[in-house]
Structures are given as structure tokens and as C-alpha cells.
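Engineer: What follows is input05.tsv, made up of TSV, C-alpha atoms and all ligand atoms:
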chain	number	residue	atom	x	y	z
V	24	MET	CA	121.74	39.28	201.25
V	25	SER	CA	123.05	39.42	197.68
V	26	SER	CA	120.53	40.00	194.89
V	27	SER	CA	121.25	36.56	193.36
V	28	SER	CA	120.46	34.71	196.59
V	29	ARG	CA	117.35	36.86	197.00
V	30	SER	CA	116.09	35.97	193.53
V	31	TYR	CA	116.89	32.31	194.20
V	32	ASP	CA	114.77	32.50	197.38
V	33	SER	CA	111.81	34.07	195.61
V	34	GLU	CA	112.10	31.55	192.75
V	35	ASP	CA	112.16	28.77	195.32
V	36	LEU	CA	109.10	30.14	197.08
V	37	PHE	CA	107.28	30.56	193.77
V	38	ARG	CA	107.97	26.93	192.83
V	39	LYS	CA	106.70	25.83	196.25
V	40	GLU	CA	103.47	27.75	195.65
V	41	VAL	CA	103.09	26.13	192.22
V	42	GLY	CA	103.75	22.69	193.76
V	43	PHE	CA	101.19	23.38	196.50
V	44	PHE	CA	98.59	24.49	193.94
V	45	PHE	CA	98.85	21.31	191.87
V	46	ASP	CA	99.39	18.91	194.79
V	47	THR	CA	96.28	20.09	196.62
V	48	ALA	CA	94.00	20.66	193.59
V	49	PRO	CA	91.13	18.17	193.16
V	50	THR	CA	92.08	15.49	190.64
V	51	LEU	CA	91.04	16.27	187.09
V	52	LYS	CA	88.12	14.06	186.03
V	53	ASP	CA	88.77	12.14	182.79
V	54	HIS	CA	92.51	12.77	183.02
V	55	ALA	CA	93.35	9.55	181.16
V	56	SER	CA	90.89	10.07	178.32
V	57	ILE	CA	91.86	13.73	177.85
V	58	SER	CA	95.52	12.76	177.78
V	59	LYS	CA	94.78	10.13	175.11
V	60	LYS	CA	92.76	12.58	172.97
V	61	LEU	CA	95.51	15.17	173.26
V	62	LYS	CA	98.22	12.73	172.25
V	63	ARG	CA	96.22	11.54	169.24
V	64	PHE	CA	95.46	15.11	168.16
V	65	ILE	CA	99.10	16.19	168.38
V	66	GLU	CA	100.31	13.09	166.53
V	67	LEU	CA	97.79	13.68	163.75
V	68	ASN	CA	98.63	17.36	163.38
V	69	SER	CA	102.34	17.63	164.00
V	70	HIS	CA	103.46	15.56	161.02
V	71	ALA	CA	105.43	17.29	158.32
V	72	SER	CA	103.34	18.56	155.41
V	73	GLU	CA	103.08	16.47	152.24
V	74	ASN	CA	106.27	17.85	150.70
V	75	GLY	CA	107.98	17.47	154.06
V	76	ALA	CA	108.81	21.17	154.09
V	77	SER	CA	107.14	22.26	157.27
V	78	MET	CA	105.32	21.09	160.35
V	79	ARG	CA	101.72	22.14	160.90
V	80	LYS	CA	101.59	24.72	163.63
V	81	ILE	CA	99.39	24.04	166.64
V	82	VAL	CA	97.92	26.81	168.77
V	83	CYS	CA	96.29	26.43	172.16
V	84	VAL	CA	93.58	29.10	172.42
V	85	THR	CA	92.19	29.63	175.93
V	86	SER	CA	88.79	31.22	176.24
V	87	GLY	CA	86.25	32.27	178.88
V	88	GLY	CA	86.70	32.92	182.58
V	89	THR	CA	87.74	30.55	185.36
V	90	THR	CA	85.68	30.14	188.52
V	91	VAL	CA	86.88	29.88	192.10
V	92	PRO	CA	84.65	27.56	194.14
V	93	LEU	CA	83.93	28.61	197.73
V	94	GLU	CA	82.72	25.18	198.85
V	95	GLN	CA	83.94	21.70	197.84
V	96	ARG	CA	80.34	20.67	197.12
V	97	CYS	CA	80.10	23.91	195.24
V	98	VAL	CA	76.99	26.05	195.54
V	99	ARG	CA	78.76	29.40	195.35
V	100	TYR	CA	81.74	30.56	193.36
V	101	ILE	CA	83.61	33.70	192.30
V	102	ASP	CA	83.63	34.20	188.54
V	103	ASN	CA	85.85	36.07	186.09
V	104	PHE	CA	84.24	37.99	183.26
V	105	SER	CA	84.72	36.68	179.71
V	106	SER	CA	82.04	35.79	177.17
V	107	GLY	CA	84.50	33.66	175.19
V	108	HIS	CA	83.89	35.70	172.03
V	109	ARG	CA	87.59	36.62	171.63
V	110	GLY	CA	88.71	32.99	171.92
V	111	ALA	CA	85.98	31.59	169.63
V	112	ALA	CA	86.55	34.21	166.91
V	113	SER	CA	90.34	33.86	167.10
V	114	THR	CA	90.04	30.07	166.78
V	115	GLU	CA	88.19	30.51	163.48
V	116	TYR	CA	90.94	32.77	162.12
V	117	PHE	CA	93.76	30.47	163.26
V	118	LEU	CA	92.04	27.55	161.50
V	119	LYS	CA	91.77	29.72	158.38
V	120	HIS	CA	95.54	30.30	158.56
V	121	GLY	CA	96.16	26.53	158.55
V	122	TYR	CA	96.73	26.02	162.27
V	123	ALA	CA	95.38	23.10	164.24
V	124	VAL	CA	93.67	24.49	167.36
V	125	ILE	CA	93.31	23.17	170.89
V	126	PHE	CA	90.37	25.23	172.15
V	127	LEU	CA	90.48	25.26	175.98
V	128	TYR	CA	87.17	26.90	176.86
V	129	ARG	CA	84.86	27.62	179.74
V	130	ARG	CA	81.71	25.49	179.55
V	131	GLY	CA	78.74	27.50	178.25
V	132	THR	CA	80.73	30.28	176.55
V	133	PHE	CA	80.91	31.18	172.82
V	134	GLN	CA	82.03	28.43	170.44
V	135	PRO	CA	83.87	28.73	167.11
V	136	TYR	CA	81.52	29.14	164.11
V	137	CYS	CA	78.46	29.62	166.36
V	138	ARG	CA	78.93	33.32	167.02
V	139	SER	CA	76.35	34.52	164.52
V	140	LEU	CA	73.58	32.23	165.76
V	141	PRO	CA	70.88	33.64	168.06
V	142	ASP	CA	71.01	33.00	171.84
V	143	ASP	CA	68.67	30.05	171.67
V	144	PRO	CA	69.59	28.56	168.28
V	145	LEU	CA	67.53	25.39	168.57
V	146	LEU	CA	64.29	27.24	169.18
V	147	GLU	CA	64.99	30.29	167.04
V	148	CYS	CA	66.57	28.71	163.95
V	149	PHE	CA	64.18	25.80	163.48
V	150	GLU	CA	60.44	25.56	162.93
V	151	LEU	CA	57.84	22.89	162.24
V	152	ASP	CA	56.23	22.61	158.81
V	153	SER	CA	52.59	21.63	158.31
V	154	ASP	CA	53.52	17.90	158.66
V	155	SER	CA	55.40	18.57	161.91
V	156	ASN	CA	58.77	18.03	160.22
V	157	ILE	CA	61.63	20.19	161.46
V	158	ARG	CA	63.02	22.72	158.98
V	159	VAL	CA	65.45	25.64	159.19
V	160	GLN	CA	63.83	29.06	159.27
V	161	GLN	CA	64.62	30.98	156.10
V	162	SER	CA	66.02	34.01	157.94
V	163	HIS	CA	68.65	31.85	159.71
V	164	ALA	CA	69.34	29.40	156.88
V	165	GLU	CA	72.64	30.95	155.75
V	166	ALA	CA	74.04	31.22	159.29
V	167	VAL	CA	73.07	27.62	160.10
V	168	ARG	CA	74.52	26.33	156.80
V	169	LYS	CA	77.87	28.07	157.42
V	170	THR	CA	78.03	26.92	161.05
V	171	VAL	CA	77.33	23.28	160.23
V	172	MET	CA	79.63	23.27	157.19
V	173	ASN	CA	82.61	24.82	159.01
V	174	HIS	CA	82.13	22.70	162.11
V	175	HIS	CA	82.02	19.46	160.10
V	176	ALA	CA	85.01	20.47	157.98
V	177	ALA	CA	87.12	21.12	161.10
V	178	HIS	CA	85.84	17.89	162.66
V	179	GLU	CA	86.57	15.74	159.61
V	180	LEU	CA	90.05	17.17	159.16
V	181	GLY	CA	90.73	16.61	162.88
V	182	ILE	CA	92.14	20.12	163.27
V	183	LEU	CA	90.03	21.33	166.20
V	184	LEU	CA	90.15	19.78	169.67
V	185	LYS	CA	87.78	21.27	172.22
V	186	LEU	CA	88.51	20.82	175.93
V	187	PRO	CA	86.14	22.37	178.49
V	188	PHE	CA	86.90	23.73	181.99
V	189	THR	CA	84.96	25.49	184.72
V	190	THR	CA	87.21	26.02	187.74
V	191	ILE	CA	90.69	27.49	188.08
V	192	PHE	CA	91.84	24.01	189.18
V	193	GLU	CA	90.64	22.37	185.97
V	194	TYR	CA	91.95	25.20	183.78
V	195	LEU	CA	95.50	25.19	185.12
V	196	GLN	CA	95.79	21.39	185.18
V	197	LEU	CA	94.61	21.24	181.56
V	198	LEU	CA	96.92	24.07	180.49
V	199	GLN	CA	99.87	22.27	182.07
V	200	MET	CA	98.93	18.99	180.34
V	201	ILE	CA	98.58	20.69	176.96
V	202	ALA	CA	101.83	22.64	177.30
V	203	ILE	CA	103.87	19.59	178.27
V	204	ALA	CA	102.26	17.61	175.44
V	205	LEU	CA	103.17	20.37	172.95
V	206	ARG	CA	106.74	20.79	174.20
V	207	ASP	CA	108.22	18.55	171.49
V	208	LEU	CA	106.84	20.84	168.80
V	209	GLY	CA	109.32	23.45	169.98
V	210	PRO	CA	108.71	26.85	168.33
V	211	HIS	CA	105.85	25.49	166.16
V	212	ALA	CA	103.52	25.55	169.15
V	213	MET	CA	101.71	28.73	170.13
V	214	PHE	CA	99.77	29.71	173.25
V	215	TYR	CA	97.12	32.40	172.84
V	216	LEU	CA	95.91	32.95	176.37
V	217	ALA	CA	92.67	34.92	176.09
V	218	ALA	CA	90.96	33.23	179.06
V	219	ALA	CA	90.29	35.50	182.04
V	220	VAL	CA	92.14	33.69	184.80
V	221	SER	CA	91.37	34.10	188.52
V	222	ASP	CA	94.06	35.89	190.52
V	223	PHE	CA	92.87	34.60	193.92
V	224	TYR	CA	91.53	31.25	195.08
V	225	VAL	CA	90.55	29.18	198.08
V	226	PRO	CA	92.96	26.23	198.43
V	227	TRP	CA	90.99	22.98	198.28
V	228	GLU	CA	92.19	21.78	201.67
V	229	THR	CA	91.07	24.93	203.51
V	230	MET	CA	87.72	25.05	201.68
V	231	GLU	CA	84.47	24.24	203.50
V	232	GLU	CA	83.05	20.91	202.33
V	233	HIS	CA	79.37	21.81	202.64
V	234	LYS	CA	77.37	24.89	201.73
V	235	ILE	CA	78.45	27.83	203.89
V	236	GLN	CA	75.63	28.73	206.27
V	237	SER	CA	74.33	32.27	206.17
V	238	ALA	CA	73.12	31.95	209.78
V	239	ALA	CA	76.80	32.05	210.83
V	240	GLY	CA	76.80	35.81	210.05
V	241	PRO	CA	78.96	37.87	207.66
V	242	LEU	CA	81.45	35.84	205.69
V	243	ASP	CA	85.13	36.40	206.37
V	244	MET	CA	87.33	34.53	203.94
V	245	ARG	CA	91.02	34.68	203.05
V	246	LEU	CA	91.92	34.04	199.42
V	247	ALA	CA	95.38	32.83	198.43
V	248	GLN	CA	97.13	34.20	195.34
V	249	VAL	CA	97.04	31.96	192.27
V	250	PRO	CA	100.69	31.46	191.24
V	251	LYS	CA	101.33	33.11	187.84
V	252	MET	CA	101.66	30.02	185.68
V	253	LEU	CA	102.82	32.08	182.69
V	254	SER	CA	106.32	31.80	184.17
V	255	MET	CA	106.01	28.02	184.39
V	256	LEU	CA	104.83	27.85	180.79
V	257	ARG	CA	107.84	29.84	179.54
V	258	LYS	CA	110.48	28.29	181.78
V	259	ASP	CA	109.47	24.66	182.20
V	260	TRP	CA	106.42	23.44	180.35
V	261	ALA	CA	107.06	24.56	176.75
V	262	PRO	CA	110.08	26.91	176.72
V	263	GLN	CA	110.33	27.23	172.92
V	264	ALA	CA	106.66	27.86	172.25
V	265	PHE	CA	105.44	31.26	171.05
V	266	CYS	CA	103.46	32.74	173.95
V	267	ILE	CA	100.83	35.48	173.78
V	268	SER	CA	99.01	36.64	176.89
V	269	PHE	CA	96.28	39.25	177.34
V	270	LYS	CA	96.14	42.12	179.77
V	271	LEU	CA	92.69	43.37	180.67
V	272	GLU	CA	92.11	46.62	182.54
V	273	THR	CA	89.16	48.94	183.01
V	274	ASN	CA	91.39	52.01	183.45
V	275	SER	CA	93.04	53.00	180.16
V	276	GLU	CA	95.68	55.06	181.98
V	277	ILE	CA	97.42	52.02	183.42
V	278	LEU	CA	96.73	49.53	180.63
V	279	LEU	CA	99.83	49.88	178.42
V	280	GLU	CA	102.21	50.14	181.36
V	281	LYS	CA	100.77	46.99	182.92
V	282	ALA	CA	101.01	45.16	179.58
V	283	SER	CA	104.70	46.16	179.19
V	284	LEU	CA	105.41	45.00	182.74
V	285	ALA	CA	103.73	41.63	182.05
V	286	LEU	CA	105.73	41.25	178.82
V	287	LYS	CA	109.01	41.55	180.71
V	288	LYS	CA	108.04	39.81	183.94
V	289	TYR	CA	106.71	36.66	182.27
V	290	ASN	CA	108.97	36.82	179.23
V	291	MET	CA	106.03	36.72	176.82
V	292	HIS	CA	106.53	37.15	173.07
V	293	ALA	CA	103.56	39.52	172.96
V	294	VAL	CA	100.95	40.88	175.36
V	295	ILE	CA	97.64	42.03	173.93
V	296	ALA	CA	96.42	45.02	175.90
V	297	ASN	CA	92.68	45.60	175.94
V	298	GLU	CA	90.20	47.65	177.88
V	299	LEU	CA	86.94	46.05	178.92
V	300	ALA	CA	84.64	48.62	177.29
V	301	THR	CA	86.47	48.85	173.94
V	302	ARG	CA	87.86	45.32	173.63
V	303	LYS	CA	85.92	44.57	170.45
V	304	GLU	CA	87.04	47.81	168.75
V	305	GLU	CA	90.69	48.26	169.67
V	306	VAL	CA	93.64	46.30	171.08
V	307	THR	CA	97.35	47.07	171.33
V	308	VAL	CA	99.91	44.38	170.60
V	309	VAL	CA	102.87	44.98	172.91
V	310	THR	CA	106.10	43.20	171.93
V	311	PRO	CA	109.78	43.72	172.80
V	312	ASP	CA	110.05	45.64	169.46
V	313	GLY	CA	107.26	48.12	170.19
V	314	LYS	CA	103.53	48.62	170.24
V	315	THR	CA	101.03	48.16	167.40
V	316	CYS	CA	97.48	49.42	167.73
V	317	ILE	CA	94.83	47.39	165.89
V	318	ARG	CA	91.35	48.76	165.21
V	319	ARG	CA	88.33	46.89	163.95
V	320	GLU	CA	87.26	47.66	160.38
V	321	VAL	CA	83.55	48.03	159.66
V	322	GLY	CA	81.99	44.61	158.99
V	323	ASP	CA	85.03	42.70	160.28
V	324	ASP	CA	86.11	41.13	163.58
V	325	ILE	CA	89.09	42.70	165.33
V	326	GLU	CA	90.45	39.15	165.71
V	327	ASN	CA	90.98	38.96	161.93
V	328	PRO	CA	93.87	41.51	161.72
V	329	LEU	CA	95.05	40.54	165.22
V	330	VAL	CA	95.51	36.87	164.33
V	331	GLU	CA	97.05	37.81	160.98
V	332	LEU	CA	99.72	39.90	162.73
V	333	LEU	CA	100.44	37.16	165.28
V	334	VAL	CA	100.73	34.50	162.58
V	335	GLU	CA	103.43	36.65	160.91
V	336	LYS	CA	105.25	37.11	164.20
V	337	HIS	CA	105.03	33.39	164.89
V	338	MET	CA	106.63	32.66	161.50
V	339	THR	CA	109.53	34.94	162.42
V	340	HIS	CA	109.82	33.14	165.78
V	341	VAL	CA	109.94	29.71	164.10
V	342	ALA	CA	112.55	30.90	161.62
V	343	GLY	CA	114.68	32.42	164.37
V	344	THR	CA	114.62	29.44	166.77
V	345	PRO	CA	117.34	26.83	166.25
V	346	GLN	CA	115.62	23.44	165.85
V	347	ASN	CA	116.22	20.29	167.89
V	348	GLN	CA	117.51	22.21	170.87
V	401	LIG	C1	91.32	39.20	177.84
V	401	LIG	O1	91.82	40.25	178.09
V	401	LIG	C2	90.28	38.98	176.74
V	401	LIG	O2	90.59	39.76	175.62
V	401	LIG	C3	88.83	39.28	177.21
V	401	LIG	C4	87.91	38.93	176.03
V	401	LIG	C5	88.49	38.43	178.43
V	401	LIG	C6	88.65	40.76	177.56
V	401	LIG	P1	85.43	38.20	175.69
V	401	LIG	O3	85.75	36.80	176.14
V	401	LIG	O4	86.57	39.17	176.32
V	401	LIG	O5	85.46	38.35	174.20
V	401	LIG	O6	84.14	38.70	176.29
V	401	LIG	N1	91.70	38.07	178.51
V	401	LIG	C7	92.73	38.00	179.53
V	401	LIG	C8	92.32	38.51	180.83
V	401	LIG	C9	93.28	38.11	181.95
V	401	LIG	O7	92.86	37.45	182.85
V	401	LIG	N2	94.54	38.50	181.88
V	401	LIG	C10	95.44	38.39	183.02
V	401	LIG	C11	95.59	39.77	183.60
V	401	LIG	O8	95.06	40.75	183.03
V	401	LIG	C12	96.78	37.87	182.58
V	401	LIG	S1	96.77	36.16	182.32
V	401	LIG	O9	96.21	39.89	184.67
Can you present the structure in this file as C-alpha cells?
Ligand code: 9Z3

Structural biologist:
Amino acid sequence: MSSSSRSYDSEDLFRKEVGFFFDTAPTLKDHASISKKLKRFIELNSHASENGASMRKIVCVTSGGTTVPLEQRCVRYIDNFSSGHRGAASTEYFLKHGYAVIFLYRRGTFQPYCRSLPDDPLLECFELDSDSNIRVQQSHAEAVRKTVMNHHAAHELGILLKLPFTTIFEYLQLLQMIAIALRDLGPHAMFYLAAAVSDFYVPWETMEEHKIQSAAGPLDMRLAQVPKMLSMLRKDWAPQAFCISFKLETNSEILLEKASLALKKYNMHAVIANELATRKEEVTVVTPDGKTCIRREVGDDIENPLVELLVEKHMTHVAGTPQNQ
């Protein structure tokens, strides 16, 4: 077999797997209302700036881990680690750089502007005065003021759209919707894929409907591979968009090699390599031009210099992409 017919066969098989994934996934709840919100958000934010010189850039930031349900009426699931801190912090910095952000996040994970609040903000930030009126505790007043102010500013300007997911099915359907909706923005759109995405799943049609019974003995289950949708994003959904993915490993010896492989295999514009234990201190930005190591400065978030570097690279991408292709 020639190598070209072999690659055609594997491409064909890959597209079949993608088709199977979407055709058999449970229908996304609220599809129509999400689609409407998305359309309105993109219309509002993709207009040329006042002097007509440039379009506002829109970035889709994904954040948190996807789950893989083991039962259709789900009691148990496999989870992927991610607190959502990276995505929430990065969203704040993209907004600061003038981007509009579609924040695709796992329910219950960190939210933009809420990172410095305590775990139970309602109970820890507020107290009752002698007349039983609610007031903000002095020690949290500054954090609450900043959170509320920034949240309302983003809300009023209409520059932050939050879309939640839990399962791998919801996440990939939403990512596809967003990418297709952003396609017309060409190179002005960016994908910053910090969500920790499941590699294996149970196809909906082979999944047990009811809770799996423990009396049936040890559980033997075959998981299918989740098709790598990064390829679909680059080839079909939004081919001109600037695409950043993340590579997470726990073994530093294989991290950079795996990131370089992902860069080539999925034709990403950059892959951010990070190790679980040091992810808040150090990341390496791997691009076709080389590797840049970024370290956190004292009192800063690592996402600050990371986003700054990516914004620069995105500008170069926009300038180098012929428009109206
Ligand atoms: C990451 O590597 C993120 O940086 C973290 C952020 C999940 C480590 P936190 O949310 O942590 O701040 O607690 N995300 C991507 C992980 C991932 O699933 N990458 C895939 C892979 O490594 C490629 S799409 O194979």
C-alpha cells in the first residue's frame, strides 16, 4: 500500500470515529439558547473598532476537567484533574488585553475574578451587624469590592460569555459549536485549550442505563478512545484561528518531547508544556520557532506573562494571515 493511500485510510477512519462520537452523544440540553447567546456575543464583539481599524479579538478559554459517565443515569464517573485556576486567571488577563472571552468551564471550578475569595465566600466574607443587616467583613472588603467591580464591568461591556460543561460529551459539542461560530473571524479568533480533556470514554449506546450493581462482582469495562478533536478544530471547524493547546505530564523527562509531538501532530500554533507539580511556577511555550520558558515572578500569576506572550504571537498571526480567504 502506498503511504498516501495509507494516510487517506487513517484519515477516513479518524473522521468515522469523530462522526460516531457526535452522532451517538446525548443531545446537548439548551442547544438552541446557547447557540443564540453565542451568536449575539460574537455579533456584539466582532465589529470593527470605532476607527474601523481593527476587529476585536475573541478567545475561547477552556477550563477544568471533563468527566466520563459510566452510567446513563449517572451515579459514577471518571474525572480529569483540573481546578480551573489556569483558565480563570488567563481569562482575566485576556480581558485586560482587550479580548472578548468565551469561558467554557467545568461547573464548580474556579471563576474569573473570584480566585482570591475564600472557599466559602458567602459565609466567610459576610457577617451580620447588631440589627441583623448583612455587611462585608472588613478583612475581605477589598477582595469582594474588586470581584464585584470587575465582574460587573465585564458583564456590562458584554465581553465575557460563560458556558458550563460537565461531561466529555457536553464539552466537545460546545467546543465544536463555538469553533464553527467563530470561523468567520478568521485569524482574529483564538483557542486557549487549558481544559483537561478525557482521553477515554464509554460510548453512550454501550453504556449501562441504570446504576451498575456491585453484587455482579468486579467491574470489567472497555473504554473507547476519544478522537483528538484538535485536528478537527484546525482542519475543519476554524482553520484560520490561532490555536494553543496544553500538554500536561507528571514526568518531566517526557514533557517537552510530548509537547513538540503534539505541536506537529495537531498543527497547533503553540503547545504549553506543564508538569502537574510545578504548573503554577513554570511553563514552557513550545512553538515551531522554538521553546520559551516562563517562570512566575513573586507576587504575580504565571498566566500574566504567559498571556502577554501569546497575545504578541497572536498579533503576528493576524498580520501574517491573508484576510477574506
Ligand atoms: C493543562 O495542562 C492545564 O495547565 C492544567 C491547569 C489542567 C494543568 P489547573 O486547572 O491546572 O490550574 O488546576 N491542561 C491541559 C491538559 C490536557 O488534557 N491536555 C491534553 C494532553 O495532555 C491535550 S488536549 O494530552

Engineer: Throw together the list of residues within 10 Å of ligand LIG 401 (chain V), counting only C-alpha atoms and all ligand atoms, and drop it here as a count of residues only.

Structural biologist: 54

Engineer: Around stretch 183-200 of chain V, fit a box with edges along x, y and z, padding it by 5 Å on each side, then list its centre and edge lengths in Å to one decimal as JSON.

Structural biologist:
{"center_x": 92.4, "center_y": 23.2, "center_z": 177.7, "size_x": 24.9, "size_y": 18.5, "size_z": 33.0}

Engineer: Point out the residue among V:Pro241, V:Glu305, V:Ala123, V:Arg38 with the least atom-to-atom distance to V:Ile325, counting all atoms listed in the file.

Structural biologist: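 Answer, going by the shortest atom-to-atom distance: V:Glu305.
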
Engineer: Nearest to V:Pro92 among V:Asp53, V:Glu232, V:Glu165, V:Asp207, with distances taken over all atoms listed in the file: which residue is it?

Structural biologist: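 Once distances to V:Pro92 are computed over all atoms listed in the file, the minimum belongs to V:Glu232.
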
Engineer: If we count all atoms listed in the file and set the cut-off at 10 Å, which residues sit around V:Thr50, ignoring sequence neighbours fewer than 4 positions away in its own chain? Please answer as a count of residues only.

Structural biologist: 6

Engineer: Quick one: residues within 12 Å of V:Leu256, all atoms listed in the file, excluding same-chain residues fewer than 2 positions away - as a PyMOL selection string?

Structural biologist: chain V and resi 41+195-196+198-206+212-216+250-254+258-268+289-291

Engineer: I need the residue nearest V:Arg79 from this list: V:Phe188, V:Tyr122, V:Phe44, V:Phe64. Use all atoms listed in the file for the distance.

Structural biologist: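 Ranking V:Phe188, V:Tyr122, V:Phe44, V:Phe64 by distance to V:Arg79, first place goes to V:Tyr122.
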